[in-house]
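Source file: entry-v1.tsv (TSV, C-alpha atoms)
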```
chain	number	residue	atom	x	y	z
A	16	MET	CA	23.15	-25.80	-33.45
A	17	PRO	CA	21.66	-22.88	-31.48
A	18	SER	CA	23.63	-19.65	-31.37
A	19	GLN	CA	25.21	-18.38	-28.17
A	20	ARG	CA	22.38	-15.85	-27.86
A	21	GLN	CA	19.71	-18.55	-28.33
A	22	GLY	CA	21.49	-20.73	-25.77
A	23	ALA	CA	21.42	-17.89	-23.27
A	24	ALA	CA	17.69	-17.47	-23.86
A	25	VAL	CA	17.07	-21.16	-23.26
A	26	ASP	CA	19.14	-20.99	-20.08
A	27	GLY	CA	17.03	-17.99	-19.02
A	28	LEU	CA	13.95	-20.19	-18.59
A	29	GLU	CA	14.93	-21.40	-15.11
A	30	ARG	CA	12.21	-19.31	-13.46
A	31	TYR	CA	9.61	-20.75	-15.82
A	32	ARG	CA	10.73	-24.32	-15.19
A	33	ALA	CA	11.11	-23.91	-11.43
A	34	LYS	CA	7.41	-23.08	-11.11
A	35	ARG	CA	6.21	-26.20	-12.89
A	36	ASP	CA	6.20	-29.97	-12.38
A	37	PHE	CA	6.41	-31.33	-15.90
A	38	ALA	CA	5.46	-34.80	-14.69
A	39	LYS	CA	2.02	-33.33	-13.97
A	40	THR	CA	1.47	-30.45	-16.38
A	41	PRO	CA	1.31	-30.81	-20.19
A	42	GLU	CA	3.03	-27.44	-20.66
A	43	PRO	CA	6.21	-27.60	-22.76
A	44	GLN	CA	9.57	-27.55	-20.99
A	45	GLY	CA	11.10	-25.54	-23.82
A	46	GLY	CA	14.32	-26.05	-25.69
A	47	ALA	CA	16.22	-24.86	-28.73
A	48	ALA	CA	13.24	-23.62	-30.74
A	49	HIS	CA	13.26	-21.21	-33.66
A	50	GLY	CA	10.76	-18.51	-34.49
A	51	GLY	CA	10.37	-15.06	-35.92
A	52	ALA	CA	8.59	-12.03	-34.53
A	53	ARG	CA	5.55	-13.87	-33.17
A	54	LEU	CA	2.70	-12.39	-31.15
A	55	VAL	CA	0.66	-14.77	-29.01
A	56	VAL	CA	-2.24	-14.09	-26.65
A	57	GLN	CA	-3.54	-16.92	-24.47
A	58	ARG	CA	-6.78	-16.60	-22.53
A	59	HIS	CA	-6.14	-18.17	-19.16
A	60	PHE	CA	-9.10	-19.30	-17.08
A	61	ALA	CA	-7.13	-19.67	-13.85
A	62	ARG	CA	-8.04	-18.64	-10.31
A	63	ARG	CA	-8.30	-15.17	-11.77
A	64	GLU	CA	-9.12	-15.04	-15.46
A	65	HIS	CA	-6.66	-13.02	-17.51
A	66	PHE	CA	-4.96	-12.87	-20.90
A	67	ASP	CA	-1.25	-13.63	-21.38
A	68	LEU	CA	0.34	-11.43	-24.03
A	69	ARG	CA	3.61	-12.81	-25.39
A	70	LEU	CA	6.11	-11.32	-27.83
A	71	ALA	CA	8.88	-13.47	-29.26
A	72	MET	CA	12.31	-11.91	-28.90
A	73	ASP	CA	15.79	-13.16	-28.04
A	74	GLY	CA	14.73	-16.81	-28.33
A	75	VAL	CA	11.91	-16.68	-25.75
A	76	LEU	CA	8.40	-15.32	-25.34
A	77	LYS	CA	8.52	-12.14	-23.26
A	78	SER	CA	5.26	-12.22	-21.32
A	79	TRP	CA	2.70	-9.96	-19.64
A	80	ALA	CA	-0.55	-10.84	-17.83
A	81	VAL	CA	-3.31	-8.50	-19.03
A	82	THR	CA	-6.17	-8.58	-16.54
A	83	ARG	CA	-9.07	-7.73	-18.85
A	84	GLY	CA	-7.47	-8.60	-22.15
A	85	PRO	CA	-6.60	-6.34	-25.08
A	86	SER	CA	-8.91	-3.45	-25.99
A	87	ALA	CA	-8.88	-1.87	-29.44
A	88	ASN	CA	-10.15	1.40	-27.97
A	89	PRO	CA	-7.19	3.82	-27.60
A	90	ALA	CA	-8.93	5.37	-24.58
A	91	ASP	CA	-8.52	2.08	-22.67
A	92	LYS	CA	-5.17	1.55	-20.98
A	93	ARG	CA	-5.00	-2.06	-19.85
A	94	LEU	CA	-2.73	-3.08	-16.98
A	95	ALA	CA	-0.13	-5.60	-18.17
A	96	VAL	CA	1.99	-7.18	-15.42
A	97	ARG	CA	5.33	-8.57	-16.61
A	98	THR	CA	5.75	-12.27	-15.88
A	99	GLU	CA	8.51	-14.81	-16.43
A	100	ASP	CA	9.81	-15.56	-19.92
A	101	HIS	CA	8.19	-18.57	-21.58
A	102	PRO	CA	9.69	-20.94	-24.18
A	103	LEU	CA	8.84	-20.31	-27.81
A	104	ASP	CA	6.90	-23.55	-28.11
A	105	TYR	CA	4.55	-22.37	-25.36
A	106	GLY	CA	2.95	-20.28	-28.10
A	107	ASP	CA	1.32	-23.47	-29.41
A	108	PHE	CA	-0.05	-24.58	-26.05
A	109	GLU	CA	-3.78	-24.93	-25.55
A	110	GLY	CA	-5.28	-27.23	-22.95
A	111	LEU	CA	-5.64	-27.91	-19.25
A	112	ILE	CA	-3.13	-27.20	-16.51
A	113	PRO	CA	-4.05	-29.52	-13.61
A	114	LYS	CA	-5.64	-28.08	-10.50
A	115	GLY	CA	-3.05	-27.53	-7.82
A	116	GLU	CA	-0.28	-26.83	-10.32
A	117	TYR	CA	1.06	-23.33	-10.96
A	118	GLY	CA	-1.48	-21.51	-13.14
A	119	GLY	CA	-3.97	-24.37	-12.86
A	120	GLY	CA	-6.89	-23.89	-15.24
A	121	THR	CA	-7.81	-23.78	-18.92
A	122	VAL	CA	-5.60	-22.14	-21.54
A	123	MET	CA	-7.09	-20.99	-24.86
A	124	LEU	CA	-4.97	-19.72	-27.74
A	125	TRP	CA	-6.77	-16.44	-28.41
A	126	GLU	CA	-4.41	-14.78	-30.91
A	127	ASP	CA	-1.44	-16.05	-32.92
A	128	ALA	CA	0.15	-13.67	-35.38
A	129	ALA	CA	3.27	-11.95	-36.62
A	130	TYR	CA	4.30	-8.54	-35.36
A	131	GLU	CA	6.67	-5.83	-36.54
A	132	PRO	CA	8.71	-3.73	-34.11
A	133	LEU	CA	8.07	-0.02	-34.71
A	134	ASN	CA	10.66	1.62	-32.46
A	135	GLY	CA	13.88	-0.18	-33.15
A	136	ASP	CA	15.25	-3.39	-31.68
A	137	PRO	CA	12.51	-4.87	-29.46
A	138	LEU	CA	14.99	-5.94	-26.75
A	139	GLU	CA	16.33	-2.39	-26.51
A	140	ALA	CA	12.75	-1.10	-26.47
A	141	LEU	CA	11.97	-3.53	-23.64
A	142	GLU	CA	14.90	-2.20	-21.62
A	143	LYS	CA	13.85	1.40	-22.22
A	144	GLY	CA	10.28	0.62	-21.15
A	145	GLU	CA	8.31	1.30	-24.33
A	146	ILE	CA	7.63	-1.29	-27.01
A	147	LYS	CA	5.71	-0.18	-30.09
A	148	PHE	CA	4.63	-2.84	-32.55
A	149	LEU	CA	2.40	-3.50	-35.55
A	150	ALA	CA	0.19	-6.57	-35.05
A	151	HIS	CA	-0.84	-8.63	-38.08
A	152	GLY	CA	-3.48	-10.70	-36.31
A	153	SER	CA	-7.12	-11.47	-36.98
A	154	ARG	CA	-8.07	-9.99	-33.59
A	155	MET	CA	-5.21	-7.71	-32.63
A	156	ARG	CA	-4.54	-5.53	-35.65
A	157	GLY	CA	-2.63	-2.36	-36.32
A	158	ARG	CA	-0.37	-0.38	-34.00
A	159	TRP	CA	-0.06	-1.12	-30.26
A	160	ALA	CA	2.23	-0.02	-27.46
A	161	LEU	CA	3.45	-1.50	-24.18
A	162	VAL	CA	4.60	1.20	-21.77
A	163	ARG	CA	6.29	0.50	-18.44
A	164	MET	CA	4.82	2.38	-15.49
A	165	LYS	CA	6.99	4.19	-12.95
A	166	THR	CA	5.78	2.59	-9.73
A	167	ARG	CA	7.32	1.27	-6.55
A	168	ASP	CA	5.18	-1.85	-6.67
A	169	LYS	CA	7.07	-5.15	-6.41
A	170	ASN	CA	5.59	-6.14	-9.78
A	171	GLU	CA	6.80	-4.76	-13.10
A	172	ASN	CA	3.63	-3.03	-14.28
A	173	TRP	CA	3.10	-1.95	-17.86
A	174	LEU	CA	0.16	-0.57	-19.83
A	175	LEU	CA	-1.10	-2.11	-23.09
A	176	VAL	CA	-2.55	0.62	-25.32
A	177	LYS	CA	-4.05	0.53	-28.81
A	178	GLU	CA	-2.75	3.39	-30.93
A	179	ARG	CA	-5.04	5.44	-33.14
A	180	ASP	CA	-5.16	4.00	-36.65
A	181	ASP	CA	-7.64	2.38	-39.06
A	182	PHE	CA	-8.08	-0.58	-36.69
A	183	ALA	CA	-8.90	1.45	-33.59
A	184	GLU	CA	-12.40	0.98	-32.16
A	185	THR	CA	-14.69	3.07	-29.99
A	186	ASP	CA	-15.75	0.35	-27.53
A	187	ASP	CA	-14.03	-2.25	-25.38
A	188	ARG	CA	-15.76	-5.34	-26.75
A	189	LEU	CA	-12.83	-6.87	-28.63
A	190	VAL	CA	-12.56	-9.78	-26.18
A	191	GLN	CA	-16.32	-10.38	-26.13
A	192	ARG	CA	-16.47	-10.57	-29.92
A	193	PHE	CA	-14.01	-13.46	-30.02
A	194	PRO	CA	-14.92	-16.07	-27.37
A	195	THR	CA	-13.29	-19.04	-29.14
A	196	SER	CA	-9.79	-20.32	-29.84
A	197	VAL	CA	-8.08	-18.79	-32.85
A	198	ALA	CA	-6.32	-22.13	-33.42
A	199	THR	CA	-9.08	-24.72	-32.95
A	200	GLY	CA	-12.33	-22.73	-32.91
A	201	ARG	CA	-13.19	-24.31	-29.55
A	202	THR	CA	-14.92	-22.67	-26.61
A	203	ARG	CA	-13.59	-22.93	-23.08
A	204	GLU	CA	-16.02	-25.75	-22.35
A	205	GLU	CA	-14.98	-27.67	-25.48
A	206	ILE	CA	-11.31	-27.39	-24.55
A	207	GLU	CA	-12.07	-28.66	-21.05
A	208	ARG	CA	-13.89	-31.75	-22.28
A	209	GLY	CA	-11.28	-32.46	-24.96
A	210	ALA	CA	-13.52	-31.84	-27.96
A	211	PRO	CA	-11.82	-31.95	-31.37
A	212	ALA	CA	-11.01	-28.80	-33.29
A	213	ALA	CA	-13.92	-27.21	-35.12
A	214	PRO	CA	-13.96	-28.10	-38.85
A	215	ALA	CA	-13.76	-24.44	-39.86
A	216	ALA	CA	-11.10	-23.52	-37.29
A	217	SER	CA	-8.48	-22.60	-39.87
A	218	SER	CA	-10.82	-20.03	-41.43
A	219	ARG	CA	-11.27	-18.27	-38.08
A	220	ARG	CA	-7.62	-17.37	-37.67
```

Would you mind writing the file's structure down as structure tokens?
Amino acid sequence: MPSQRQGAAVDGLERYRAKRDFAKTPEPQGGAAHGGARLVVQRHFARREHFDLRLAMDGVLKSWAVTRGPSANPADKRLAVRTEDHPLDYGDFEGLIPKGEYGGGTVMLWEDAAYEPLNGDPLEALEKGEIKFLAHGSRMRGRWALVRMKTRDKNENWLLVKERDDFAETDDRLVQRFPTSVATGRTREEIERGAPAAPAASSRR
């Protein structure tokens, strides 16, 4: 049976569900799912291509839309716009959202890894506006930070920044080096035509 805190997180998905018609989209509706400190990045080929960064906490995936995707160069500060919470099982979603539906387009699972909070409880860090974490991914590695900007914009704007460590890079080609799904090894075109997972997909994660 889910805890009271987990139940509250599930109930907090109204905004996510209100935007979607689950009779038309294959996206998960979400429910009482369990998961640890999971980091997910989904490349979203929608009307405007972007990357959705998601951190599991409090029974949901806290989410940010990163326009140009993560950069491992500490000199790059990538805009990350806070979006609605997503259910934990959304972290497994890869496929097509029908045209005309909210977020219509192709979704590729670009990173799927564990993370470690580096500045205390991640929910408290979220409230304070600075989340530092250690990513154990094959693409996002080492120390990263999400920092909320002080703006009067209607959106909640943050910055995604790679911290200086052994995994920092001097260019911004992280996204270009990994054009395929971390889960299935498929390209965007292969996902769109429903091609099966690449035989060596598991070795690419």

Next item on the list: Pick out the closest residue to Ser78 (chain A) from this set: A:Thr202, A:Gln191, A:Thr98, A:Thr166. Count only C-alpha atoms.
Entry: A:Thr98

Next item on the list: Kindly provide, as a VMD selection string, the polymer residues lying within 12 Å of (-8.5, 6.3, -32.5), counting only C-alpha atoms and using the coordinates exactly as they appear in the file.
Entry: chain A and resid 86 to 91 157 to 159 176 to 186

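Within the 6 Å cut-off around His65 (chain A), using all atoms listed in the file and omitting residues fewer than 5 positions from it on the same chain, the listed residues are His59, Val81, Thr82 and Arg83 of chain A.
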
Item checked: Shell of 6 Å around region 123-130 of chain A, all atoms listed in the file, local chain residues under 2 positions omitted, as a VMD selection string -> chain A and resid 52 to 58 109 149 to 152 196 to 197

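The spacing separating CA of Asp136 (chain A) from CA of Leu68 (chain A) amounts to 18.6 Å.
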
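Taking CA of Ala210 (chain A) and CA of Leu76 (chain A) as the two end points, the separation is 27.6 Å.
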
Next item on the list: Extract, using all atoms listed in the file, all DNA, RNA and protein residues at most 9 Å from region 26-30 of chain A, discarding same-chain residues fewer than 4 positions from it, and format them as a count of residues only.
Entry: 11

Output region 121-158 of chain A from the block with N, CA, C and O atoms, as an mmCIF file, in the first residue's frame?
```cif
data_model
loop_
_atom_site.group_PDB
_atom_site.id
_atom_site.type_symbol
_atom_site.label_atom_id
_atom_site.label_comp_id
_atom_site.auth_asym_id
_atom_site.auth_seq_id
_atom_site.Cartn_x
_atom_site.Cartn_y
_atom_site.Cartn_z
ATOM 1 N N THR A 121 7.933 12.878 -31.339
ATOM 2 C CA THR A 121 8.686 11.666 -31.018
ATOM 3 C C THR A 121 9.463 11.847 -29.723
ATOM 4 O O THR A 121 10.120 12.872 -29.527
ATOM 5 N N VAL A 122 9.399 10.847 -28.843
ATOM 6 C CA VAL A 122 10.123 10.883 -27.581
ATOM 7 C C VAL A 122 11.168 9.780 -27.583
ATOM 8 O O VAL A 122 10.848 8.610 -27.805
ATOM 9 N N MET A 123 12.418 10.160 -27.352
ATOM 10 C CA MET A 123 13.534 9.214 -27.269
ATOM 11 C C MET A 123 14.098 9.236 -25.850
ATOM 12 O O MET A 123 14.340 10.303 -25.280
ATOM 13 N N LEU A 124 14.295 8.064 -25.272
ATOM 14 C CA LEU A 124 14.923 7.984 -23.956
ATOM 15 C C LEU A 124 16.433 8.162 -24.139
ATOM 16 O O LEU A 124 17.116 7.266 -24.635
ATOM 17 N N TRP A 125 16.934 9.329 -23.763
ATOM 18 C CA TRP A 125 18.317 9.704 -24.055
ATOM 19 C C TRP A 125 19.279 9.377 -22.914
ATOM 20 O O TRP A 125 20.441 9.083 -23.141
ATOM 21 N N GLU A 126 18.802 9.407 -21.683
ATOM 22 C CA GLU A 126 19.609 9.021 -20.527
ATOM 23 C C GLU A 126 18.708 8.414 -19.470
ATOM 24 O O GLU A 126 17.559 8.848 -19.293
ATOM 25 N N ASP A 127 19.204 7.390 -18.786
ATOM 26 C CA ASP A 127 18.452 6.726 -17.730
ATOM 27 C C ASP A 127 19.474 6.223 -16.725
ATOM 28 O O ASP A 127 20.243 5.312 -17.018
ATOM 29 N N ALA A 128 19.513 6.837 -15.555
ATOM 30 C CA ALA A 128 20.580 6.546 -14.619
ATOM 31 C C ALA A 128 20.134 6.817 -13.188
ATOM 32 O O ALA A 128 19.039 7.331 -12.949
ATOM 33 N N ALA A 129 20.994 6.481 -12.256
ATOM 34 C CA ALA A 129 20.795 6.851 -10.860
ATOM 35 C C ALA A 129 21.493 8.184 -10.600
ATOM 36 O O ALA A 129 22.420 8.567 -11.309
ATOM 37 N N TYR A 130 21.003 8.883 -9.586
ATOM 38 C CA TYR A 130 21.692 10.101 -9.167
ATOM 39 C C TYR A 130 21.770 10.144 -7.651
ATOM 40 O O TYR A 130 20.982 9.506 -6.950
ATOM 41 N N GLU A 131 22.734 10.900 -7.146
ATOM 42 C CA GLU A 131 22.895 11.103 -5.714
ATOM 43 C C GLU A 131 22.743 12.582 -5.395
ATOM 44 O O GLU A 131 23.443 13.409 -5.986
ATOM 45 N N PRO A 132 21.859 12.940 -4.471
ATOM 46 C CA PRO A 132 21.773 14.340 -4.044
ATOM 47 C C PRO A 132 23.073 14.739 -3.339
ATOM 48 O O PRO A 132 23.635 13.965 -2.552
ATOM 49 N N LEU A 133 23.543 15.945 -3.601
ATOM 50 C CA LEU A 133 24.804 16.410 -3.024
ATOM 51 C C LEU A 133 24.618 17.549 -2.027
ATOM 52 O O LEU A 133 25.584 17.927 -1.351
ATOM 53 N N ASN A 134 23.423 18.116 -1.941
ATOM 54 C CA ASN A 134 23.217 19.209 -0.991
ATOM 55 C C ASN A 134 21.951 18.989 -0.163
ATOM 56 O O ASN A 134 21.058 19.811 -0.105
ATOM 57 N N GLY A 135 21.920 17.816 0.459
ATOM 58 C CA GLY A 135 20.821 17.511 1.362
ATOM 59 C C GLY A 135 19.607 16.941 0.663
ATOM 60 O O GLY A 135 19.676 16.485 -0.481
ATOM 61 N N ASP A 136 18.490 16.961 1.360
ATOM 62 C CA ASP A 136 17.240 16.426 0.833
ATOM 63 C C ASP A 136 16.888 17.128 -0.473
ATOM 64 O O ASP A 136 16.824 18.364 -0.507
ATOM 65 N N PRO A 137 16.656 16.374 -1.564
ATOM 66 C CA PRO A 137 16.412 17.023 -2.850
ATOM 67 C C PRO A 137 15.148 17.874 -2.883
ATOM 68 O O PRO A 137 15.100 18.885 -3.590
ATOM 69 N N LEU A 138 14.115 17.491 -2.114
ATOM 70 C CA LEU A 138 12.898 18.310 -2.076
ATOM 71 C C LEU A 138 13.173 19.661 -1.414
ATOM 72 O O LEU A 138 12.688 20.701 -1.867
ATOM 73 N N GLU A 139 13.961 19.656 -0.345
ATOM 74 C CA GLU A 139 14.328 20.916 0.294
ATOM 75 C C GLU A 139 15.196 21.748 -0.634
ATOM 76 O O GLU A 139 15.049 22.970 -0.711
ATOM 77 N N ALA A 140 16.101 21.075 -1.358
ATOM 78 C CA ALA A 140 16.950 21.781 -2.319
ATOM 79 C C ALA A 140 16.101 22.404 -3.425
ATOM 80 O O ALA A 140 16.364 23.527 -3.875
ATOM 81 N N LEU A 141 15.075 21.677 -3.871
ATOM 82 C CA LEU A 141 14.166 22.192 -4.887
ATOM 83 C C LEU A 141 13.485 23.466 -4.402
ATOM 84 O O LEU A 141 13.394 24.466 -5.131
ATOM 85 N N GLU A 142 13.009 23.451 -3.162
ATOM 86 C CA GLU A 142 12.338 24.614 -2.605
ATOM 87 C C GLU A 142 13.286 25.801 -2.479
ATOM 88 O O GLU A 142 12.897 26.947 -2.704
ATOM 89 N N LYS A 143 14.530 25.532 -2.131
ATOM 90 C CA LYS A 143 15.509 26.610 -1.960
ATOM 91 C C LYS A 143 16.025 27.143 -3.302
ATOM 92 O O LYS A 143 16.613 28.224 -3.356
ATOM 93 N N GLY A 144 15.837 26.350 -4.379
ATOM 94 C CA GLY A 144 16.220 26.817 -5.701
ATOM 95 C C GLY A 144 17.607 26.430 -6.156
ATOM 96 O O GLY A 144 18.134 27.009 -7.112
ATOM 97 N N GLU A 145 18.201 25.427 -5.540
ATOM 98 C CA GLU A 145 19.500 24.932 -6.008
ATOM 99 C C GLU A 145 19.604 23.445 -5.692
ATOM 100 O O GLU A 145 19.612 23.050 -4.523
ATOM 101 N N ILE A 146 19.654 22.636 -6.740
ATOM 102 C CA ILE A 146 19.756 21.189 -6.596
ATOM 103 C C ILE A 146 21.111 20.754 -7.154
ATOM 104 O O ILE A 146 21.394 20.936 -8.335
ATOM 105 N N LYS A 147 21.955 20.208 -6.294
ATOM 106 C CA LYS A 147 23.226 19.668 -6.746
ATOM 107 C C LYS A 147 23.153 18.146 -6.690
ATOM 108 O O LYS A 147 22.652 17.581 -5.710
ATOM 109 N N PHE A 148 23.625 17.499 -7.744
ATOM 110 C CA PHE A 148 23.521 16.039 -7.781
ATOM 111 C C PHE A 148 24.680 15.417 -8.552
ATOM 112 O O PHE A 148 25.302 16.056 -9.404
ATOM 113 N N LEU A 149 24.953 14.165 -8.205
ATOM 114 C CA LEU A 149 25.975 13.364 -8.874
ATOM 115 C C LEU A 149 25.267 12.382 -9.788
ATOM 116 O O LEU A 149 24.469 11.565 -9.335
ATOM 117 N N ALA A 150 25.527 12.478 -11.098
ATOM 118 C CA ALA A 150 24.874 11.615 -12.084
ATOM 119 C C ALA A 150 25.746 10.404 -12.387
ATOM 120 O O ALA A 150 26.945 10.538 -12.637
ATOM 121 N N HIS A 151 25.138 9.225 -12.362
ATOM 122 C CA HIS A 151 25.847 7.978 -12.652
ATOM 123 C C HIS A 151 25.411 7.425 -14.008
ATOM 124 O O HIS A 151 25.132 6.224 -14.146
ATOM 125 N N GLY A 152 25.315 8.283 -15.004
ATOM 126 C CA GLY A 152 24.861 7.847 -16.313
ATOM 127 C C GLY A 152 26.001 7.500 -17.247
ATOM 128 O O GLY A 152 27.176 7.635 -16.919
ATOM 129 N N SER A 153 25.626 7.046 -18.443
ATOM 130 C CA SER A 153 26.621 6.787 -19.483
ATOM 131 C C SER A 153 26.867 8.037 -20.319
ATOM 132 O O SER A 153 27.859 8.120 -21.044
ATOM 133 N N ARG A 154 25.972 9.033 -20.189
ATOM 134 C CA ARG A 154 26.081 10.269 -20.961
ATOM 135 C C ARG A 154 26.199 11.483 -20.041
ATOM 136 O O ARG A 154 27.059 12.331 -20.258
ATOM 137 N N MET A 155 25.358 11.544 -19.045
ATOM 138 C CA MET A 155 25.508 12.556 -18.001
ATOM 139 C C MET A 155 26.250 11.913 -16.837
ATOM 140 O O MET A 155 25.734 11.001 -16.193
ATOM 141 N N ARG A 156 27.465 12.409 -16.594
ATOM 142 C CA ARG A 156 28.293 11.827 -15.550
ATOM 143 C C ARG A 156 28.844 12.928 -14.650
ATOM 144 O O ARG A 156 29.029 14.061 -15.070
ATOM 145 N N GLY A 157 29.108 12.565 -13.421
ATOM 146 C CA GLY A 157 29.718 13.512 -12.504
ATOM 147 C C GLY A 157 28.734 14.485 -11.881
ATOM 148 O O GLY A 157 27.539 14.231 -11.813
ATOM 149 N N ARG A 158 29.253 15.622 -11.432
ATOM 150 C CA ARG A 158 28.481 16.587 -10.655
ATOM 151 C C ARG A 158 27.789 17.597 -11.567
ATOM 152 O O ARG A 158 28.396 18.151 -12.484
#
```
